[in-house]
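Shown here: upload01.cif, mmCIF, C-alpha atoms and all ligand atoms.
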data_model
loop_
_atom_site.label_atom_id
_atom_site.label_comp_id
_atom_site.auth_asym_id
_atom_site.auth_seq_id
_atom_site.Cartn_x
_atom_site.Cartn_y
_atom_site.Cartn_z
CA MET F 252 -0.49 -5.26 -33.40
CA LYS F 253 3.11 -4.67 -32.47
CA LEU F 254 3.90 -2.63 -29.38
CA SER F 255 6.97 -0.40 -29.26
CA SER F 256 10.16 -2.12 -28.23
CA ARG F 257 10.69 0.78 -25.83
CA ILE F 258 7.60 -0.17 -23.81
CA THR F 259 8.03 -3.95 -24.02
CA SER F 260 11.66 -3.83 -22.92
CA ILE F 261 11.30 -1.62 -19.84
CA THR F 262 11.66 -4.45 -17.34
CA GLY F 263 14.33 -6.42 -19.20
CA GLY F 264 12.44 -9.74 -18.72
CA GLY F 265 13.23 -12.68 -16.41
CA SER F 266 12.66 -13.05 -12.68
CA ASP F 267 12.99 -9.73 -10.90
CA GLY F 268 13.50 -11.18 -7.41
CA TRP F 269 10.02 -10.17 -6.23
CA ASP F 270 8.74 -13.78 -6.07
CA VAL F 271 9.01 -13.90 -2.27
CA PHE F 272 7.16 -10.59 -1.97
CA TYR F 273 4.25 -11.78 -4.12
CA ARG F 274 4.15 -15.17 -2.40
CA ALA F 275 3.93 -13.41 0.98
CA ARG F 276 1.07 -11.28 -0.33
CA ARG F 277 -0.76 -14.45 -1.46
CA MET F 278 -0.26 -16.03 1.98
CA ILE F 279 -1.68 -12.92 3.66
CA ALA F 280 -4.66 -12.95 1.28
CA ALA F 281 -5.23 -16.61 2.27
CA GLY F 282 -5.36 -15.63 5.94
CA ILE F 283 -1.84 -16.73 6.92
CA PRO F 284 -0.16 -14.06 9.07
CA VAL F 285 3.18 -12.95 7.60
CA THR F 286 5.64 -10.47 9.11
CA GLU F 287 6.54 -8.24 6.19
CA LEU F 288 10.02 -6.78 6.32
CA SER F 289 9.91 -6.11 2.62
CA ILE F 290 8.04 -2.83 2.24
CA GLY F 291 9.83 0.52 1.95
CA GLU F 292 7.00 2.47 3.47
CA HIS F 293 6.48 4.07 6.89
CA ASP F 294 4.23 2.35 9.39
CA ILE F 295 2.75 5.79 10.16
CA ARG F 296 0.43 7.71 7.83
CA THR F 297 0.68 11.32 6.60
CA HIS F 298 0.26 13.67 9.59
CA PRO F 299 -3.34 14.91 10.06
CA ASP F 300 -2.16 18.55 9.98
CA ILE F 301 -0.77 18.01 6.47
CA LEU F 302 -4.05 16.37 5.45
CA GLY F 303 -5.84 19.35 7.00
CA ALA F 304 -3.84 21.73 4.82
CA MET F 305 -4.63 19.55 1.80
CA GLN F 306 -8.34 19.61 2.55
CA ALA F 307 -8.38 23.36 3.24
CA SER F 308 -6.66 24.01 -0.10
CA ALA F 309 -9.09 21.78 -1.99
CA MET F 310 -12.11 23.35 -0.26
CA ASP F 311 -10.66 26.74 -1.13
CA GLY F 312 -10.87 25.83 -4.80
CA HIS F 313 -7.34 24.74 -5.63
CA THR F 314 -8.74 21.80 -7.60
CA GLY F 315 -8.31 23.09 -11.14
CA TYR F 316 -5.20 22.83 -13.30
CA ALA F 317 -2.21 23.98 -11.31
CA THR F 318 0.72 25.76 -12.97
CA VAL F 319 2.74 23.04 -14.66
CA PRO F 320 6.23 23.56 -13.20
CA GLY F 321 4.71 23.86 -9.71
CA THR F 322 3.16 26.76 -7.82
CA ASP F 323 5.44 29.75 -7.39
CA SER F 324 5.30 29.47 -3.62
CA LEU F 325 6.09 25.73 -3.47
CA ARG F 326 9.00 26.10 -5.89
CA ALA F 327 10.32 29.00 -3.80
CA THR F 328 9.92 26.96 -0.60
CA ILE F 329 11.79 23.98 -2.06
CA ALA F 330 14.52 26.28 -3.43
CA ALA F 331 14.93 27.97 -0.03
CA ARG F 332 15.19 24.58 1.69
CA ILE F 333 17.86 23.42 -0.75
CA THR F 334 19.81 26.67 -0.35
CA ALA F 335 19.67 26.32 3.43
CA ARG F 336 20.70 22.64 3.44
CA THR F 337 23.45 22.79 0.81
CA GLY F 338 24.66 26.40 0.64
CA VAL F 339 24.15 26.43 -3.15
CA PRO F 340 22.15 29.52 -4.16
CA THR F 341 18.94 28.04 -5.59
CA THR F 342 15.83 29.79 -6.95
CA SER F 343 12.39 28.73 -8.21
CA ALA F 344 13.86 28.66 -11.73
CA ASN F 345 15.97 25.67 -10.63
CA ILE F 346 12.93 23.66 -9.52
CA LEU F 347 10.37 21.52 -11.34
CA VAL F 348 7.67 19.98 -9.11
CA THR F 349 6.95 16.39 -10.19
CA PRO F 350 4.44 13.66 -9.23
CA GLY F 351 6.94 11.96 -6.90
CA GLY F 352 10.65 11.24 -7.06
CA GLN F 353 10.08 8.41 -9.55
CA SER F 354 8.69 10.84 -12.09
CA GLY F 355 11.69 13.08 -11.33
CA LEU F 356 14.10 10.19 -12.08
CA PHE F 357 12.37 9.64 -15.42
CA ALA F 358 12.37 13.36 -16.26
CA ALA F 359 16.04 13.75 -15.30
CA HIS F 360 17.08 10.91 -17.61
CA MET F 361 14.84 12.25 -20.38
CA ALA F 362 16.66 15.56 -20.05
CA VAL F 363 20.18 14.18 -20.51
CA CYS F 364 19.96 10.88 -22.43
CA ASP F 365 19.38 10.49 -26.15
CA GLN F 366 18.05 7.29 -27.70
CA GLY F 367 20.73 4.60 -27.40
CA ASP F 368 22.94 6.55 -24.98
CA THR F 369 24.56 4.69 -22.10
CA ALA F 370 23.46 5.75 -18.62
CA LEU F 371 25.40 4.53 -15.56
CA PHE F 372 23.91 3.48 -12.25
CA ILE F 373 25.28 1.90 -9.09
CA ASP F 374 24.49 -1.73 -8.18
CA PRO F 375 22.90 -2.64 -5.70
CA TYR F 376 20.19 -0.29 -6.90
CA TYR F 377 16.63 0.82 -6.26
CA VAL F 378 14.48 -1.52 -8.33
CA THR F 379 13.22 0.97 -10.89
CA TYR F 380 16.62 2.32 -11.97
CA PRO F 381 17.44 0.15 -15.00
CA GLY F 382 13.81 0.25 -16.18
CA THR F 383 13.67 4.03 -15.87
CA ILE F 384 16.78 4.32 -18.03
CA ARG F 385 15.33 1.90 -20.61
CA ALA F 386 12.01 3.79 -20.55
CA VAL F 387 13.74 6.91 -21.92
CA GLY F 388 15.37 4.83 -24.65
CA ALA F 389 18.84 4.72 -23.09
CA MET F 390 20.93 1.71 -22.12
CA PRO F 391 21.62 1.01 -18.43
CA ARG F 392 25.18 0.09 -17.45
CA ALA F 393 25.72 -1.06 -13.85
CA ILE F 394 28.72 -0.26 -11.69
CA VAL F 395 28.79 -3.09 -9.16
CA THR F 396 29.86 -2.15 -5.63
CA SER F 397 31.01 -4.53 -2.94
CA PRO F 398 29.89 -5.21 0.63
CA ASP F 399 33.59 -5.34 1.52
CA ARG F 400 33.73 -1.58 0.85
CA ALA F 401 30.36 -0.95 2.52
CA PHE F 402 28.87 -0.53 -0.98
CA GLN F 403 30.73 2.75 -1.62
CA PRO F 404 31.66 3.00 -5.31
CA THR F 405 35.35 3.51 -6.06
CA ALA F 406 36.80 6.09 -8.47
CA ALA F 407 38.44 3.29 -10.45
CA ASP F 408 35.16 1.37 -10.91
CA ILE F 409 33.27 4.46 -12.06
CA ALA F 410 36.09 5.59 -14.34
CA ALA F 411 36.25 2.12 -15.91
CA ALA F 412 32.53 2.27 -16.77
CA ALA F 413 32.50 5.94 -17.85
CA PRO F 414 33.85 5.88 -21.42
CA GLY F 415 30.92 6.32 -23.82
CA ALA F 416 28.39 7.08 -21.06
CA VAL F 417 26.45 10.34 -20.72
CA SER F 418 25.18 10.18 -17.15
CA LEU F 419 25.68 8.63 -13.74
CA LEU F 420 22.82 7.99 -11.31
CA ILE F 421 23.68 7.76 -7.61
CA ASN F 422 21.57 7.42 -4.47
CA THR F 423 22.74 8.50 -1.03
CA PRO F 424 21.48 7.66 1.59
CA ASN F 425 21.04 4.43 -0.32
CA ASN F 426 18.17 2.06 -0.86
CA PRO F 427 18.78 -0.89 -0.51
CA THR F 428 22.21 -0.84 1.17
CA GLY F 429 21.76 1.86 3.85
CA ALA F 430 25.12 3.35 2.77
CA VAL F 431 25.68 7.10 3.11
CA TYR F 432 28.38 8.14 0.66
CA SER F 433 31.47 9.52 2.36
CA PRO F 434 33.01 12.91 1.43
CA GLN F 435 35.80 10.94 -0.29
CA THR F 436 33.36 8.84 -2.36
CA LEU F 437 31.46 11.96 -3.43
CA SER F 438 34.58 13.86 -4.33
CA ASN F 439 35.72 10.85 -6.42
CA ILE F 440 32.34 10.81 -8.15
CA ALA F 441 32.57 14.56 -8.86
CA ARG F 442 36.06 14.15 -10.32
CA VAL F 443 35.09 11.27 -12.62
CA CYS F 444 31.97 13.17 -13.79
CA GLN F 445 34.13 16.15 -14.72
CA ASP F 446 36.90 14.06 -16.30
CA HIS F 447 34.41 12.13 -18.45
CA ASP F 448 31.89 14.95 -18.96
CA LEU F 449 29.02 13.04 -17.33
CA TRP F 450 25.77 14.47 -16.05
CA LEU F 451 25.21 13.45 -12.44
CA ILE F 452 21.68 12.48 -11.39
CA SER F 453 21.59 12.47 -7.61
CA ASP F 454 18.63 10.70 -5.99
CA GLU F 455 18.36 12.29 -2.54
CA VAL F 456 14.89 11.13 -1.50
CA TYR F 457 16.30 9.80 1.82
CA ASP F 458 18.21 12.98 2.69
CA THR F 459 16.43 13.34 6.05
CA GLN F 460 17.28 9.79 7.14
CA VAL F 461 20.96 9.83 8.08
CA TRP F 462 22.10 7.86 11.15
CA GLU F 463 25.86 8.10 10.76
CA GLY F 464 28.01 10.63 8.94
CA MET F 465 26.20 13.43 7.15
CA HIS F 466 24.30 13.85 3.92
CA ILE F 467 26.30 15.77 1.33
CA SER F 468 24.52 16.82 -1.85
CA PRO F 469 27.06 16.45 -4.67
CA ARG F 470 25.48 19.48 -6.38
CA ALA F 471 27.33 21.53 -3.75
CA LEU F 472 30.78 20.20 -4.70
CA PRO F 473 33.13 22.39 -6.75
CA GLY F 474 32.29 22.34 -10.46
CA MET F 475 29.15 20.21 -9.98
CA THR F 476 26.21 22.65 -9.81
CA ASP F 477 25.96 22.96 -13.60
CA ARG F 478 26.12 19.23 -14.28
CA THR F 479 23.95 17.84 -11.45
CA LEU F 480 20.22 17.11 -11.44
CA VAL F 481 18.95 16.37 -7.93
CA VAL F 482 15.79 14.31 -7.41
CA GLY F 483 13.89 15.03 -4.20
CA SER F 484 10.60 13.80 -2.74
CA MET F 485 8.11 14.34 0.06
CA SER F 486 7.49 10.57 0.21
CA LYS F 487 10.12 9.57 2.77
CA SER F 488 10.75 12.87 4.59
CA HIS F 489 7.08 13.53 5.39
CA ALA F 490 5.41 10.11 5.02
CA MET F 491 3.59 11.35 1.92
CA THR F 492 4.20 8.38 -0.41
CA GLY F 493 0.62 8.33 -1.69
CA SER F 494 0.49 12.05 -2.41
CA ARG F 495 2.96 11.61 -5.28
CA ILE F 496 4.97 14.79 -4.97
CA GLY F 497 8.66 15.43 -5.47
CA TRP F 498 10.96 17.63 -7.54
CA VAL F 499 13.94 17.95 -9.80
CA CYS F 500 16.50 20.63 -8.93
CA ALA F 501 18.75 21.47 -11.88
CA PRO F 502 20.35 24.31 -13.85
CA GLU F 503 17.77 26.82 -15.15
CA HIS F 504 18.09 25.85 -18.80
CA VAL F 505 17.48 22.18 -17.90
CA ILE F 506 14.33 23.09 -15.95
CA ALA F 507 13.10 25.17 -18.94
CA HIS F 508 13.20 22.02 -21.08
CA LEU F 509 11.77 19.81 -18.33
CA LEU F 510 8.80 22.17 -18.20
CA ASN F 511 8.08 21.19 -21.81
CA LEU F 512 8.30 17.51 -20.87
CA ALA F 513 5.91 18.01 -17.94
CA THR F 514 3.47 19.94 -20.15
CA HIS F 515 3.34 16.99 -22.53
CA THR F 516 3.22 14.18 -19.96
CA THR F 517 2.00 14.78 -16.42
CA TYR F 518 0.66 18.32 -16.84
CA GLY F 519 1.75 19.05 -13.31
CA VAL F 520 0.75 18.02 -9.81
CA PRO F 521 -2.67 18.78 -8.20
CA GLY F 522 -2.69 22.21 -6.53
CA PHE F 523 -4.05 20.94 -3.21
CA ILE F 524 -1.22 18.38 -3.00
CA GLN F 525 1.31 21.12 -3.71
CA ASP F 526 -0.20 23.35 -1.02
CA ALA F 527 -0.04 20.46 1.47
CA ALA F 528 3.61 19.87 0.57
CA GLU F 529 4.38 23.56 1.06
CA PHE F 530 2.65 23.50 4.44
CA ALA F 531 4.62 20.38 5.41
CA LEU F 532 7.98 21.84 4.38
CA LYS F 533 7.24 25.04 6.29
CA GLN F 534 6.84 23.04 9.52
CA GLY F 535 10.65 22.76 9.51
CA ALA F 536 13.23 20.12 10.31
CA ASP F 537 11.68 18.98 13.62
CA VAL F 538 8.77 17.39 11.78
CA GLU F 539 11.20 15.62 9.44
CA GLU F 540 13.15 14.32 12.43
CA THR F 541 9.91 13.02 14.00
CA VAL F 542 9.08 11.11 10.82
CA ALA F 543 12.62 9.68 10.71
CA ALA F 544 12.78 8.82 14.43
CA PRO F 545 11.29 5.28 14.27
CA PHE F 546 13.93 4.24 11.74
CA ARG F 547 16.74 5.76 13.82
CA ARG F 548 15.44 3.75 16.80
CA ARG F 549 15.03 0.50 14.86
CA ARG F 550 18.46 0.87 13.34
CA ALA F 551 19.87 0.83 16.91
CA LEU F 552 17.61 -2.14 17.75
CA THR F 553 18.93 -3.97 14.67
CA LEU F 554 22.54 -3.60 15.74
CA ARG F 555 21.73 -4.58 19.35
CA THR F 556 19.61 -7.60 18.41
CA LEU F 557 22.29 -8.96 16.08
CA GLU F 558 25.07 -8.71 18.67
CA GLY F 559 26.70 -11.90 20.01
CA GLN F 560 26.17 -14.20 17.02
CA ASN F 561 27.94 -14.73 13.72
CA MET F 562 25.36 -16.15 11.34
CA ILE F 563 23.84 -12.81 10.33
CA ARG F 564 26.02 -9.74 9.96
CA ALA F 565 24.52 -6.27 9.56
CA LEU F 566 26.26 -3.89 7.19
CA PRO F 567 26.80 -0.39 8.59
CA VAL F 568 23.19 0.98 8.08
CA GLU F 569 24.24 4.61 7.90
CA GLY F 570 20.95 5.91 6.52
CA ALA F 571 17.49 5.19 5.03
CA MET F 572 14.90 2.73 6.33
CA TYR F 573 16.63 -0.54 5.45
CA ALA F 574 19.25 -2.88 6.87
CA MET F 575 21.31 -5.04 4.54
CA LEU F 576 22.14 -8.33 6.26
CA ASP F 577 24.94 -10.64 5.18
CA ILE F 578 23.63 -14.23 5.25
CA ARG F 579 26.59 -15.90 3.51
CA ALA F 580 27.51 -17.85 6.67
CA THR F 581 24.33 -19.90 6.19
CA GLY F 582 25.68 -21.29 2.92
CA LEU F 583 22.37 -20.46 1.16
CA THR F 584 21.78 -18.08 -1.71
CA SER F 585 19.75 -15.09 -0.62
CA ALA F 586 16.79 -16.21 -2.76
CA ASP F 587 16.79 -19.68 -1.13
CA PHE F 588 17.22 -18.13 2.31
CA ALA F 589 14.30 -15.74 1.77
CA ASP F 590 12.11 -18.54 0.40
CA ALA F 591 12.86 -20.89 3.28
CA LEU F 592 12.45 -18.10 5.86
CA LEU F 593 8.99 -17.34 4.50
CA ASP F 594 8.01 -21.03 4.73
CA ALA F 595 9.50 -21.71 8.16
CA GLU F 596 8.91 -18.43 10.02
CA HIS F 597 6.39 -16.57 7.87
CA ILE F 598 8.79 -13.64 7.60
CA ALA F 599 9.11 -11.88 4.23
CA VAL F 600 12.41 -10.20 3.33
CA MET F 601 13.85 -9.11 -0.01
CA PRO F 602 16.64 -11.28 -1.44
CA GLY F 603 19.71 -9.20 -2.26
CA GLU F 604 19.73 -10.31 -5.89
CA SER F 605 16.52 -8.36 -6.49
CA PHE F 606 18.72 -5.25 -6.17
CA GLY F 607 21.56 -6.44 -8.39
CA ASP F 608 24.68 -8.60 -8.37
CA GLY F 609 26.43 -6.54 -5.67
CA ALA F 610 23.86 -7.62 -3.06
CA ALA F 611 24.19 -11.38 -3.63
CA GLY F 612 24.47 -13.28 -0.34
CA HIS F 613 22.54 -10.55 1.46
CA ILE F 614 18.93 -9.85 2.33
CA ARG F 615 17.29 -6.46 2.74
CA VAL F 616 15.18 -5.92 5.81
CA ALA F 617 12.86 -2.91 5.89
CA MET F 618 12.66 -1.42 9.39
CA THR F 619 9.01 -0.58 8.81
CA ILE F 620 7.04 -2.45 11.47
CA ASP F 621 6.60 -1.58 15.15
CA ASP F 622 9.61 -2.06 17.42
CA ASP F 623 8.44 -5.15 19.33
CA ARG F 624 7.40 -7.10 16.25
CA TYR F 625 10.55 -5.95 14.50
CA VAL F 626 12.89 -7.22 17.23
CA ASP F 627 10.93 -10.47 17.52
CA ALA F 628 11.21 -10.99 13.74
CA LEU F 629 14.96 -10.34 13.81
CA ARG F 630 15.42 -12.84 16.67
CA ARG F 631 13.47 -15.48 14.76
CA LEU F 632 15.47 -14.70 11.63
CA VAL F 633 18.74 -15.28 13.51
CA ARG F 634 17.45 -18.53 15.03
CA PHE F 635 16.37 -19.68 11.58
CA ALA F 636 19.80 -18.82 10.14
CA SER F 637 21.52 -20.80 12.93
CA ARG F 638 19.44 -23.85 12.01
CA CYS F 639 20.55 -23.54 8.34
CA LYS F 640 24.18 -24.35 8.96
CA ALA F 641 26.75 -24.36 11.74
CA PRO F 642 28.98 -21.26 11.62
CA ARG F 643 32.26 -21.62 9.72
N1 LIG Z 1 14.40 6.64 -5.14
C1 LIG Z 1 14.55 5.71 -4.19
C2 LIG Z 1 15.94 5.30 -3.82
C3 LIG Z 1 13.44 5.13 -3.56
O1 LIG Z 1 13.61 4.19 -2.62
C4 LIG Z 1 12.15 5.55 -3.97
C5 LIG Z 1 10.89 4.97 -3.37
N2 LIG Z 1 10.98 3.82 -2.66
C6 LIG Z 1 12.06 6.53 -4.97
C7 LIG Z 1 13.19 7.07 -5.52
C8 LIG Z 1 10.73 7.04 -5.47
O2 LIG Z 1 9.98 7.60 -4.49
P1 LIG Z 1 8.70 8.49 -4.78
O3 LIG Z 1 8.36 8.34 -6.23
O4 LIG Z 1 7.63 7.98 -3.87
O5 LIG Z 1 9.12 9.88 -4.46
#
For the file at hand, write its structure as structure tokens.
Ligand code: PMP
Amino acid sequence: MKLSSRITSITGGGSDGWDVFYRARRMIAAGIPVTELSIGEHDIRTHPDILGAMQASAMDGHTGYATVPGTDSLRATIAARITARTGVPTTSANILVTPGGQSGLFAAHMAVCDQGDTALFIDPYYVTYPGTIRAVGAMPRAIVTSPDRAFQPTAADIAAAAPGAVSLLINTPNNPTGAVYSPQTLSNIARVCQDHDLWLISDEVYDTQVWEGMHISPRALPGMTDRTLVVGSMSKSHAMTGSRIGWVCAPEHVIAHLLNLATHTTYGVPGFIQDAAEFALKQGADVEETVAAPFRRRRALTLRTLEGQNMIRALPVEGAMYAMLDIRATGLTSADFADALLDAEHIAVMPGESFGDGAAGHIRVAMTIDDDRYVDALRRLVRFASRCKAPR
């Protein structure tokens, strides 16, 4: 029996750069200790108070079907948070609660892309981006950014890719590069979107993890509110990755259609998870800062540990839980470097190529293990790099 080409072509085929990750997992399963700097997940769990709210809600009976677009009170809480953070008047009618940001990315592309349409995204990219675009039947087109410009896309590069496209997907703070888009970059993006009549899909799941500069939501820029769909999530801000809860914030008429999509796909998010998310959001920004604090600390440790040598260069790391390290001085490709590092030091990192052409010659390090082990791993990584080749 033939499967649909839509489902069989989601991943695009070929090696996806995750070989090192899976090899590390096999080593761990065989009892070999491996320091994993590959996982984009907190080393803390969801706070017990949030779990308490979840349990109380479930025990209180919120275990049946929940209203599909999200509970009124959670949608209102998310809308109020967005209004407060961006200044754009936002109501419940602008919010669809989704099972995580990933589901929001899919829904947002479903809303704006027809079969065969071209959808733009920025390379290096979060691994699911091209597959998400293919999953809705559209065609991904990458805009490759350069480490020489700290992975900020230029107006010229976006404009060159724009003809014939319907949407542009951006992510700031960025996974995997750690870039936070500057006001200039965002105003360029807004201008190109308006000039070429593109929808903007803005993935802001790391909006609470900004170490340098400030997070600007492009929905707040002049002329952008009606053409921007923002994807948000509780995963990173509140260490709730496993709860699968996020949202899309968009113009009312877009949300009205997305409600139909949700009714025919996910049928909403469990009520007790929504109540826990509402409780978590109502704890305010201090809780979000506490969840982000380990990454802020480890970002400083990264810069300090890499001082005084020239084999490994850290890119700016302005936000999110990752550091992009330039390993070109070793003379190895990032895949070979990651492979050899795993063999020699039992340290697992992600080769840059797994995130697209723009990240070639780089590795991504997730700052997601405790400080002492993290610094020790970085020191060993630098020593390993020095053994690869004498500096140029
Ligand atoms: N966007 C980016 C950039 C991410 O890194 C992730 C998760 N790693 C997601 C979206 C999806 O997150 P979730 O579905 O857990 O909200």
Hey, which bits of chain F sit within 10 Å of ligand LIG 1 (chain Z), and for each residue what's the closest pair of atoms and how far apart in Å (one decimal), counting only C-alpha atoms and all ligand atoms, rows by chain and increasing number, as CSV?
residue,atom,partner,partner_atom,distance
F:Ile290,CA,Z:LIG1,N2,8.8
F:Gly291,CA,Z:LIG1,N2,5.8
F:Glu292,CA,Z:LIG1,N2,7.4
F:Thr349,CA,Z:LIG1,O5,8.9
F:Pro350,CA,Z:LIG1,O3,7.3
F:Gly351,CA,Z:LIG1,O5,3.9
F:Gly352,CA,Z:LIG1,O5,3.3
F:Gln353,CA,Z:LIG1,O3,3.7
F:Ser354,CA,Z:LIG1,O3,6.4
F:Gly355,CA,Z:LIG1,O3,7.7
F:Leu356,CA,Z:LIG1,C7,7.3
F:Tyr376,CA,Z:LIG1,C2,7.7
F:Tyr377,CA,Z:LIG1,C2,5.1
F:Val378,CA,Z:LIG1,O1,8.1
F:Thr379,CA,Z:LIG1,C7,8.1
F:Tyr380,CA,Z:LIG1,N1,8.4
F:Ile421,CA,Z:LIG1,C2,9.0
F:Asn422,CA,Z:LIG1,C2,6.1
F:Thr423,CA,Z:LIG1,C2,8.0
F:Pro424,CA,Z:LIG1,C2,8.1
F:Asn425,CA,Z:LIG1,C2,6.2
F:Asn426,CA,Z:LIG1,C2,4.9
F:Pro427,CA,Z:LIG1,O1,7.5
F:Ser453,CA,Z:LIG1,N1,9.6
F:Asp454,CA,Z:LIG1,N1,5.9
F:Glu455,CA,Z:LIG1,N1,7.4
F:Val456,CA,Z:LIG1,N1,5.8
F:Tyr457,CA,Z:LIG1,C2,7.2
F:Val482,CA,Z:LIG1,C7,7.9
F:Gly483,CA,Z:LIG1,O5,7.0
F:Ser484,CA,Z:LIG1,O5,4.5
F:Met485,CA,Z:LIG1,O5,6.4
F:Ser486,CA,Z:LIG1,O4,4.8
F:Lys487,CA,Z:LIG1,O4,7.3
F:Ser488,CA,Z:LIG1,O5,9.7
F:Ala490,CA,Z:LIG1,O4,9.4
F:Met491,CA,Z:LIG1,O4,7.8
F:Thr492,CA,Z:LIG1,O4,4.9
F:Gly493,CA,Z:LIG1,O4,7.3
F:Ser494,CA,Z:LIG1,O4,8.3
F:Arg495,CA,Z:LIG1,O4,6.1
F:Ile496,CA,Z:LIG1,O5,6.4
F:Gly497,CA,Z:LIG1,O5,5.7
F:Trp498,CA,Z:LIG1,O5,8.5
F:Ala571,CA,Z:LIG1,O1,8.6
F:Met572,CA,Z:LIG1,O1,9.2
F:Tyr573,CA,Z:LIG1,O1,9.8
Here is a test: counting only C-alpha atoms, which residue of F:Ala591, F:His489, F:Ala536, F:Ala636 is nearest to Gln560 in chain F? F:Ala636
Considering only C-alpha atoms, can you say which of F:Cys364, F:Val443, F:Ala401, F:Leu510 comes closest to Thr383 in chain F?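 Among the listed residues, the smallest separation from Thr383 in chain F belongs to F:Cys364.
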For Arg336 in chain F, find every residue with an atom within 12 Å (counting all atoms listed in the file), except residues of its own chain fewer than 5 positions away, and show them as a list in words. Ile329, Ala330, Ala331, Thr341, Asp458, Thr459, Met465, His466, Ile467, Ser468, Arg470, Ala471, Gly535 and Ala536 of chain F
For the selection just defined, write its residues with C-alpha atoms to a file, as a PDB file, keeping the file's coordinate frame.
ATOM      1  CA  ILE F 329      11.790  23.980  -2.060  1.00  0.00           C
ATOM      2  CA  ALA F 330      14.520  26.280  -3.430  1.00  0.00           C
ATOM      3  CA  ALA F 331      14.930  27.970  -0.030  1.00  0.00           C
ATOM      4  CA  THR F 341      18.940  28.040  -5.590  1.00  0.00           C
ATOM      5  CA  ASP F 458      18.210  12.980   2.690  1.00  0.00           C
ATOM      6  CA  THR F 459      16.430  13.340   6.050  1.00  0.00           C
ATOM      7  CA  MET F 465      26.200  13.430   7.150  1.00  0.00           C
ATOM      8  CA  HIS F 466      24.300  13.850   3.920  1.00  0.00           C
ATOM      9  CA  ILE F 467      26.300  15.770   1.330  1.00  0.00           C
ATOM     10  CA  SER F 468      24.520  16.820  -1.850  1.00  0.00           C
ATOM     11  CA  ARG F 470      25.480  19.480  -6.380  1.00  0.00           C
ATOM     12  CA  ALA F 471      27.330  21.530  -3.750  1.00  0.00           C
ATOM     13  CA  GLY F 535      10.650  22.760   9.510  1.00  0.00           C
ATOM     14  CA  ALA F 536      13.230  20.120  10.310  1.00  0.00           C
TER      15      ALA F 536
END
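By chain and then residue number, the residues within 9 Å of range 528-530 of chain F are F:Asp300, F:Ile301, F:Ala304, F:Met305, F:Ser324, F:Leu325, F:Arg326, F:Thr328, F:Ile329, F:Met485, F:His489, F:Met491, F:Ser494, F:Ile496, F:Phe523, F:Ile524, F:Gln525, F:Asp526, F:Leu532, F:Lys533, F:Gln534, counting all atoms listed in the file and disregarding those fewer than 2 positions away in sequence.
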Hey, which of F:Leu288, F:Val271, F:Ile440, F:Leu566 ends up closest to Asp594 in chain F? Count all atoms listed in the file.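 Of all the options, F:Val271 lies closest to Asp594 in chain F.
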Interatomic distance (Å, one decimal) between CA of Arg549 in chain F and CA of Met618 in chain F: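 For CA of Arg549 in chain F relative to CA of Met618 in chain F, the distance reads 6.3 Å.
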Distance in Å - CA of Trp269 in chain F versus CA of Ser605 in chain F: 6.8 Å
Which residue is closest to Thr428 in chain F? Choose from F:Thr396, F:Thr405, F:Gln306, F:Thr314 and count all atoms listed in the file.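 So, comparing all the options, the nearest one is F:Thr396.
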Can you measure CA of Thr337 in chain F to CA of Ser418 in chain F for me? One decimal in Å is fine. 22.0 Å
Completion step: range 559-565 of chain F with N, CA, C and O atoms as a short mmCIF file (atom, residue, chain, number, x, y, z; two decimals), in the coordinates of the input:
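Output (rebuild22.cif):
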data_model
loop_
_atom_site.label_atom_id
_atom_site.label_comp_id
_atom_site.auth_asym_id
_atom_site.auth_seq_id
_atom_site.Cartn_x
_atom_site.Cartn_y
_atom_site.Cartn_z
N GLY F 559 26.45 -10.62 19.33
CA GLY F 559 26.70 -11.90 20.01
C GLY F 559 26.42 -13.12 19.18
O GLY F 559 26.22 -14.21 19.73
N GLN F 560 26.32 -13.02 17.87
CA GLN F 560 26.17 -14.20 17.02
C GLN F 560 26.90 -13.91 15.71
O GLN F 560 27.24 -12.77 15.42
N ASN F 561 27.17 -14.98 14.94
CA ASN F 561 27.94 -14.73 13.72
C ASN F 561 27.32 -15.35 12.48
O ASN F 561 27.98 -15.57 11.48
N MET F 562 26.02 -15.64 12.54
CA MET F 562 25.36 -16.15 11.34
C MET F 562 24.86 -15.02 10.44
O MET F 562 24.84 -15.12 9.22
N ILE F 563 24.41 -13.95 11.07
CA ILE F 563 23.84 -12.81 10.33
C ILE F 563 24.66 -11.58 10.70
O ILE F 563 24.77 -11.23 11.87
N ARG F 564 25.20 -10.93 9.69
CA ARG F 564 26.02 -9.74 9.96
C ARG F 564 25.34 -8.53 9.32
O ARG F 564 25.00 -8.57 8.13
N ALA F 565 25.14 -7.48 10.12
CA ALA F 565 24.52 -6.27 9.56
C ALA F 565 25.60 -5.39 8.95
O ALA F 565 26.64 -5.18 9.54
#
